[in-house]
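Asker: Input file: work.tsv. Contents: TSV, C-alpha atoms (C1' of nucleotides).
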```tsv
chain	number	residue	atom	x	y	z
Y	211	MET	CA	103.67	121.87	95.85
Y	212	HIS	CA	102.79	122.61	99.49
Y	213	ASN	CA	105.11	122.68	102.51
Y	214	TRP	CA	106.22	119.23	103.66
Y	215	GLU	CA	107.87	120.39	106.87
Y	216	ILE	CA	104.85	119.93	109.10
Y	217	SER	CA	103.72	117.95	112.13
Y	218	PRO	CA	101.65	114.76	111.94
Y	219	LYS	CA	98.59	116.66	113.14
Y	220	GLN	CA	99.02	119.26	110.44
Y	221	ALA	CA	99.52	116.47	107.92
Y	222	VAL	CA	96.12	115.02	108.77
Y	223	GLN	CA	94.55	118.43	108.21
Y	224	GLU	CA	96.43	118.76	104.95
Y	225	GLN	CA	94.97	115.43	103.79
Y	226	LYS	CA	91.46	116.59	104.60
Y	227	GLY	CA	92.01	119.72	102.56
Y	228	LEU	CA	93.29	117.69	99.63
Y	229	GLN	CA	90.13	115.55	99.54
Y	230	GLU	CA	88.28	118.09	97.42
Y	231	LYS	CA	90.99	117.91	94.79
Y	232	LEU	CA	90.82	114.13	94.50
Y	233	ARG	CA	89.29	112.84	91.27
Y	234	ILE	CA	88.17	109.22	91.22
Y	235	GLN	CA	86.83	109.11	87.68
Y	236	SER	CA	86.80	107.01	84.52
Y	237	PHE	CA	90.19	106.68	82.94
Y	238	GLN	CA	89.96	106.65	79.16
Y	239	GLN	CA	93.42	107.34	77.77
Y	240	GLU	CA	95.30	104.66	75.92
Y	241	VAL	CA	98.18	103.41	78.07
Y	242	LYS	CA	101.51	103.24	76.29
Y	243	LEU	CA	103.83	104.04	79.17
Y	244	VAL	CA	103.50	103.20	82.85
Y	245	GLY	CA	105.79	104.34	85.64
Y	246	GLY	CA	106.68	102.88	89.00
Y	247	ALA	CA	108.11	104.65	92.07
Y	248	ASP	CA	109.62	103.54	95.36
Y	249	ILE	CA	112.26	104.42	97.95
Y	250	SER	CA	114.78	102.44	100.00
Y	251	TYR	CA	116.76	103.34	103.11
Y	252	ASN	CA	118.83	101.82	105.88
Y	253	ARG	CA	117.21	101.22	109.22
Y	254	PHE	CA	117.66	104.16	111.63
Y	255	SER	CA	118.78	106.38	108.74
Y	256	SER	CA	116.87	109.34	107.27
Y	257	THR	CA	118.72	109.16	103.97
Y	258	ALA	CA	116.38	107.87	101.28
Y	259	TYR	CA	117.22	106.50	97.85
Y	260	ALA	CA	114.28	107.24	95.61
Y	261	GLY	CA	113.71	105.94	92.15
Y	262	ILE	CA	111.30	105.97	89.26
Y	263	VAL	CA	111.12	103.54	86.36
Y	264	ILE	CA	109.25	104.06	83.10
Y	265	LEU	CA	108.14	100.96	81.22
Y	266	ARG	CA	106.47	100.33	77.87
Y	267	PHE	CA	102.97	98.96	78.28
Y	268	PRO	CA	102.13	96.11	78.09
Y	269	GLU	CA	105.57	94.76	77.22
Y	270	MET	CA	107.02	95.98	80.51
Y	271	GLU	CA	110.30	96.85	78.85
Y	272	ILE	CA	112.16	99.50	80.84
Y	273	ILE	CA	112.89	102.60	78.78
Y	274	GLU	CA	114.04	105.00	81.49
Y	275	LYS	CA	115.12	104.95	85.13
Y	276	GLN	CA	116.16	107.79	87.44
Y	277	THR	CA	117.27	107.85	91.06
Y	278	ALA	CA	117.86	110.53	93.67
Y	279	VAL	CA	119.17	110.73	97.22
Y	280	ALA	CA	117.32	112.86	99.76
Y	281	THR	CA	116.84	113.30	103.48
Y	282	MET	CA	113.47	112.41	104.93
Y	283	HIS	CA	112.01	114.91	107.38
Y	284	PHE	CA	108.87	113.09	108.41
Y	285	PRO	CA	108.55	109.90	110.52
Y	286	TYR	CA	106.78	106.77	109.41
Y	287	VAL	CA	103.22	107.01	110.68
Y	288	PRO	CA	100.56	104.67	109.31
Y	289	GLY	CA	98.22	106.85	107.28
Y	290	LEU	CA	100.79	109.57	106.67
Y	291	LEU	CA	103.23	107.71	104.44
Y	292	SER	CA	103.11	110.26	101.63
Y	293	PHE	CA	104.61	113.00	103.80
Y	294	ARG	CA	107.65	110.80	104.33
Y	295	GLU	CA	108.09	109.36	100.85
Y	296	ILE	CA	106.86	111.88	98.29
Y	297	PRO	CA	109.62	114.46	98.86
Y	298	PRO	CA	112.40	112.00	97.92
Y	299	ILE	CA	110.36	110.58	95.03
Y	300	ALA	CA	109.77	114.13	93.80
Y	301	GLU	CA	113.52	114.54	93.35
Y	302	ALA	CA	113.65	111.49	91.10
Y	303	TRP	CA	110.53	112.70	89.29
Y	304	LYS	CA	112.32	115.93	88.34
Y	305	LYS	CA	114.87	113.90	86.40
Y	306	ILE	CA	112.34	111.86	84.42
Y	307	LYS	CA	112.26	112.94	80.78
Y	308	THR	CA	109.54	110.60	79.53
Y	309	ARG	CA	106.12	111.39	80.97
Y	310	PRO	CA	104.15	108.16	81.61
Y	311	ASP	CA	100.39	107.84	81.06
Y	312	VAL	CA	99.95	106.51	84.57
Y	313	MET	CA	102.10	106.10	87.68
Y	314	VAL	CA	101.98	103.16	90.12
Y	315	LEU	CA	103.03	103.88	93.72
Y	316	ASP	CA	104.12	101.43	96.41
Y	317	GLY	CA	101.25	101.92	98.85
Y	318	HIS	CA	97.53	102.69	98.75
Y	319	GLY	CA	95.56	105.21	96.76
Y	320	MET	CA	92.03	105.89	98.04
Y	321	ALA	CA	92.13	102.74	100.20
Y	322	HIS	CA	93.01	105.03	103.07
Y	323	PRO	CA	91.15	106.34	106.15
Y	324	ARG	CA	90.81	109.77	104.51
Y	325	ARG	CA	91.06	108.50	100.93
Y	326	MET	CA	94.46	110.13	100.66
Y	327	GLY	CA	97.09	107.39	100.38
Y	328	ILE	CA	100.47	108.08	98.76
Y	329	ALA	CA	99.20	107.29	95.26
Y	330	SER	CA	96.33	109.78	95.57
Y	331	HIS	CA	98.55	112.44	97.09
Y	332	PHE	CA	101.21	111.99	94.41
Y	333	GLY	CA	98.62	112.18	91.65
Y	334	ILE	CA	97.19	115.43	92.97
Y	335	VAL	CA	100.60	117.06	93.48
Y	336	PHE	CA	101.92	116.13	90.04
Y	337	GLN	CA	98.58	116.12	88.24
Y	338	ILE	CA	98.87	112.66	86.74
Y	339	PRO	CA	96.74	109.48	86.83
Y	340	THR	CA	97.93	107.12	89.58
Y	341	ILE	CA	97.29	103.67	91.00
Y	342	GLY	CA	98.16	102.41	94.46
Y	343	CYS	CA	99.66	98.92	94.75
Y	344	ALA	CA	100.15	97.86	98.37
Y	345	LYS	CA	101.36	94.60	99.86
Y	346	LYS	CA	99.25	94.93	102.99
Y	347	VAL	CA	95.89	96.43	103.92
Y	348	LEU	CA	95.80	99.71	105.84
Y	349	THR	CA	92.07	100.03	106.34
Y	350	GLY	CA	88.97	98.17	105.22
Y	351	SER	CA	87.85	94.54	105.11
Y	352	PHE	CA	87.73	91.87	102.45
Y	353	ASP	CA	87.19	88.21	101.67
Y	354	MET	CA	90.26	86.41	100.35
Y	355	PRO	CA	90.05	86.15	96.54
Y	356	GLU	CA	90.18	82.73	94.84
Y	357	ASN	CA	93.56	81.11	94.29
Y	358	GLN	CA	93.95	81.70	90.55
Y	359	LYS	CA	96.07	84.46	89.00
Y	360	GLY	CA	93.78	87.38	88.22
Y	361	ASP	CA	91.13	86.55	90.82
Y	362	THR	CA	89.81	89.53	92.76
Y	363	SER	CA	87.56	90.54	95.63
Y	364	PRO	CA	86.49	94.04	96.69
Y	365	LEU	CA	88.20	95.88	99.53
Y	366	MET	CA	85.43	97.53	101.53
Y	367	ASP	CA	85.19	100.29	104.10
Y	368	LYS	CA	81.73	99.80	105.57
Y	369	GLU	CA	79.48	99.79	102.50
Y	370	GLU	CA	81.89	101.64	100.23
Y	371	GLN	CA	84.40	99.99	97.94
Y	372	ILE	CA	87.84	101.55	98.33
Y	373	GLY	CA	89.97	99.11	96.40
Y	374	THR	CA	90.40	95.63	94.94
Y	375	VAL	CA	92.28	92.66	96.37
Y	376	LEU	CA	94.15	91.02	93.50
Y	377	ARG	CA	95.72	87.56	93.34
Y	378	THR	CA	98.78	88.00	91.16
Y	379	LYS	CA	100.05	84.43	91.62
Y	380	PRO	CA	98.62	81.15	93.00
Y	381	ASN	CA	99.46	80.26	96.60
Y	382	VAL	CA	100.87	83.70	97.25
Y	383	LYS	CA	99.36	86.50	99.29
Y	384	PRO	CA	97.33	88.95	97.16
Y	385	VAL	CA	98.15	92.64	96.63
Y	386	PHE	CA	95.83	95.60	97.20
Y	387	ILE	CA	95.03	97.80	94.21
Y	388	SER	CA	93.24	101.12	94.58
Y	389	PRO	CA	92.66	104.18	92.39
Y	390	GLY	CA	95.02	107.00	93.23
Y	391	HIS	CA	93.90	110.05	91.22
Y	392	LEU	CA	92.19	110.53	87.84
Y	393	MET	CA	91.52	106.79	87.97
Y	394	ASP	CA	88.71	104.26	88.52
Y	395	PHE	CA	88.57	100.76	89.99
Y	396	LYS	CA	88.19	98.81	86.75
Y	397	SER	CA	90.87	100.70	84.85
Y	398	ALA	CA	93.26	100.27	87.75
Y	399	ILE	CA	92.86	96.50	87.58
Y	400	ASP	CA	92.87	96.43	83.76
Y	401	ILE	CA	96.18	98.31	83.81
Y	402	ILE	CA	97.79	96.33	86.61
Y	403	LYS	CA	97.00	92.85	85.28
Y	404	PRO	CA	99.21	93.13	82.16
Y	405	CYS	CA	101.99	94.36	84.46
Y	406	ILE	CA	102.19	90.99	86.21
Y	407	LYS	CA	105.13	88.98	84.89
Y	408	GLY	CA	105.42	85.93	87.08
Y	409	TYR	CA	106.02	87.67	90.36
Y	410	ARG	CA	103.74	88.67	93.18
Y	411	ILE	CA	104.53	92.36	92.67
Y	412	PRO	CA	103.56	94.00	89.35
Y	413	GLU	CA	106.57	95.15	87.28
Y	414	PRO	CA	106.35	98.95	87.74
Y	415	THR	CA	106.68	98.75	91.51
Y	416	ARG	CA	108.90	95.66	91.44
Y	417	GLN	CA	111.42	97.22	89.09
Y	418	ALA	CA	111.38	100.49	91.03
Y	419	HIS	CA	112.08	98.53	94.20
Y	420	LEU	CA	115.02	96.71	92.61
Y	421	LEU	CA	116.37	100.02	91.34
Y	422	VAL	CA	116.32	101.88	94.65
Y	423	ASN	CA	117.60	98.93	96.62
Y	424	GLU	CA	120.52	98.67	94.23
Y	425	ALA	CA	121.18	102.41	94.53
Y	426	ARG	CA	121.14	102.23	98.33
Y	427	ILE	CA	123.52	99.29	98.58
Y	428	LYS	CA	125.86	100.83	96.01
Y	429	ASN	CA	125.97	104.16	97.81
Y	430	THR	CA	126.24	102.61	101.27
Y	431	LYS	CA	129.26	100.46	100.49
Y	432	GLY	CA	132.34	101.50	102.45
Y	433	HIS	CA	131.00	104.52	104.30
Y	434	THR	CA	128.39	105.85	106.67
Y	435	SER	CA	124.98	107.19	105.64
D	105	DG	C1'	89.66	100.08	126.62
D	106	DC	C1'	91.42	96.89	122.72
D	107	DG	C1'	93.16	95.70	118.37
D	108	DA	C1'	94.98	97.33	113.74
D	109	DC	C1'	98.33	99.83	111.70
D	110	DA	C1'	100.73	101.18	103.66
D	111	DG	C1'	106.38	101.70	103.90
V	30	DA	C1'	111.52	99.94	105.29
V	31	DT	C1'	115.68	96.66	106.65
V	32	DC	C1'	118.00	92.59	108.98
V	33	DT	C1'	118.69	87.46	107.95
V	34	DT	C1'	119.45	81.03	106.88
V	35	DG	C1'	117.34	77.69	106.28
V	36	DT	C1'	113.33	75.49	104.94
V	37	DC	C1'	108.71	74.04	103.29
V	38	DG	C1'	105.76	73.78	99.16
V	39	DC	C1'	104.29	74.33	94.27
```
Any chance you could put this one into structure tokens?
Answerer:
Amino acid sequence: MHNWEISPKQAVQEQKGLQEKLRIQSFQQEVKLVGGADISYNRFSSTAYAGIVILRFPEMEIIEKQTAVATMHFPYVPGLLSFREIPPIAEAWKKIKTRPDVMVLDGHGMAHPRRMGIASHFGIVFQIPTIGCAKKVLTGSFDMPENQKGDTSPLMDKEEQIGTVLRTKPNVKPVFISPGHLMDFKSAIDIIKPCIKGYRIPEPTRQAHLLVNEARIKNTKGHTS
DNA sequence: GCGACAG
DNA sequence: ATCTTGTCGC
């Protein structure tokens, strides 16, 4: 794992160097376990509560959850999210005993200016298939998908597809799915769809978010941090 | 120069 | 990301 204590400019260079390691390819493995990761923190604070949840696929039954507290050393800069969030998530990852077949990250995968969103970066660092599931677009254009659950439309950057806009629930804003690493567009969608259980956000990321938010509130009660 | 801009 | 009450719509 490379050095994370760098400047934004160096981070951009780091992303360019990582491009050659990125593998957007057909995913064949049978999925039995899927993981979700996310972090939570108080405004103006650099203390992050990271968490990872492992769920049985496609039941979405949680079989393991781990959290960790860490200090963030990188600011939030659109396009450089991984440098801020991966370090804390890595701490939680160390505690995970059950290796999932695929990890879902809260953010984009290759749907990024340099094709190096947090899902792609995480996949390369930990050598595991990943999928990016973001709530908002970072780059690219798209036509709004139809209003039925499961409807999709391609997310495009010029003439190249970089992700898929997915309607997870009627009358609710869609989410943006993109391959992270060792993954392809179709598999990403085929894996995410069964993870939808009545909410806008697919279970892996949703459960991870609930976990870290709970950890933050619990550890922030009655003291500073 | 202007608008956009994951979490 | 987090803060924060009520309110509109399926």
Asker: Choose the residue, out of Y:Ile328, Y:Ala278, Y:Leu392, Y:Cys405, that has the smallest atom-to-atom separation from Glu301 in chain Y; count only C-alpha atoms.
Answerer: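 Of Y:Ile328, Y:Ala278, Y:Leu392, Y:Cys405, the one nearest Glu301 in chain Y is Y:Ala278, counting only C-alpha atoms.
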Asker: Residues of chain D within 8 Å of chain Y, counting only C-alpha atoms (C1' of nucleotides), what are they? List them as a PyMOL selection string.
Answerer: chain D and resi 109-111
Asker: Using all atoms listed in the file, I'd like a table of the residues in chain V that come within 10 Å of chain Y; for each, show the closest atom pair and its distance in Å rounded to one decimal, ordered by chain and ascending number, as a Markdown table.
Answerer:
```
| residue | atom | partner | partner_atom | distance |
| --- | --- | --- | --- | --- |
| V:DA30 | C1' | Y:Tyr251 | CA | 6.6 |
| V:DT31 | C1' | Y:Arg253 | CA | 5.5 |
| V:DC32 | C1' | Y:Arg253 | CA | 8.7 |
| V:DG38 | C1' | Y:Asn381 | CA | 9.4 |
| V:DC39 | C1' | Y:Asn381 | CA | 8.0 |
```
Asker: Report, as lines of an AutoDock Vina configuration file, the axis-aligned box around all atoms of range 106-111 of chain D present in the file, extended by 6 Å on each side; give centre and edge lengths in Å to one decimal place.
Answerer:
```
center_x = 98.9
center_y = 98.7
center_z = 113.2
size_x = 27.0
size_y = 18.0
size_z = 31.1
```
Asker: To one decimal place, how far is CA of Gln276 in chain Y from CA of Val241 in chain Y in Å?
Answerer: 20.7 Å
Asker: What does the distance between CA of Lys307 in chain Y and CA of Val279 in chain Y come to in Å, to one decimal place?
Answerer: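 Computing it gives 18.0 Å between the two atoms.
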Asker: Can you tell me how far CA of Lys379 in chain Y sits from C1' of DT33 in chain V, in Å to one decimal?
Answerer: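 Going from CA of Lys379 in chain Y over to C1' of DT33 in chain V, I get 25.0 Å.
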Asker: Could you list, as a PyMOL selection string, every residue within 12 Å of range 350-367 of chain Y, counting only C-alpha atoms (C1' of nucleotides) and ignoring same-chain residues fewer than 3 positions away?
Answerer: (chain Y and resi 318+320-325+346-347+370-389+395-396+399-400+402-410+412) or (chain D and resi 108-109)
Asker: Taking all atoms listed in the file into account, name the residue in Y:Ile341, Y:Met313, Y:Ile334, Y:Ala302 that is nearest to Gly245 in chain Y.
Answerer: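 Checking each candidate against Gly245 in chain Y, we get Y:Met313 as the closest.
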Asker: Using all atoms listed in the file, which residue out of Y:Thr415, Y:Asn429, Y:Ala260, Y:Glu424 lies closest to Gly246 in chain Y?
Answerer: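 For Gly246 in chain Y, the nearest of the candidates is Y:Thr415.
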Asker: Considering all atoms listed in the file, state which residue in the set Y:Val314, Y:Val244, Y:Leu232, Y:Ala425 is at the smallest distance from Glu269 in chain Y.
Answerer: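 Residue with the minimum atom-to-atom distance to Glu269 in chain Y: Y:Val244.
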Asker: Is it possible to dump chain V as a CSV table (one decimal), in the first residue's frame, including just C-alpha atoms (C1' of nucleotides)?
Answerer:
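After the write, decode_6.csv holds the following:
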```csv
chain,number,residue,atom,x,y,z
V,30,DA,C1',-20.1,14.2,5.1
V,31,DT,C1',-23.3,16.5,8.9
V,32,DC,C1',-27.0,19.8,10.6
V,33,DT,C1',-32.3,19.8,11.0
V,34,DT,C1',-38.8,20.1,11.2
V,35,DG,C1',-42.1,19.9,8.9
V,36,DT,C1',-44.2,18.7,4.8
V,37,DC,C1',-45.6,16.9,0.3
V,38,DG,C1',-46.5,12.6,-2.4
V,39,DC,C1',-46.8,7.6,-3.4
```
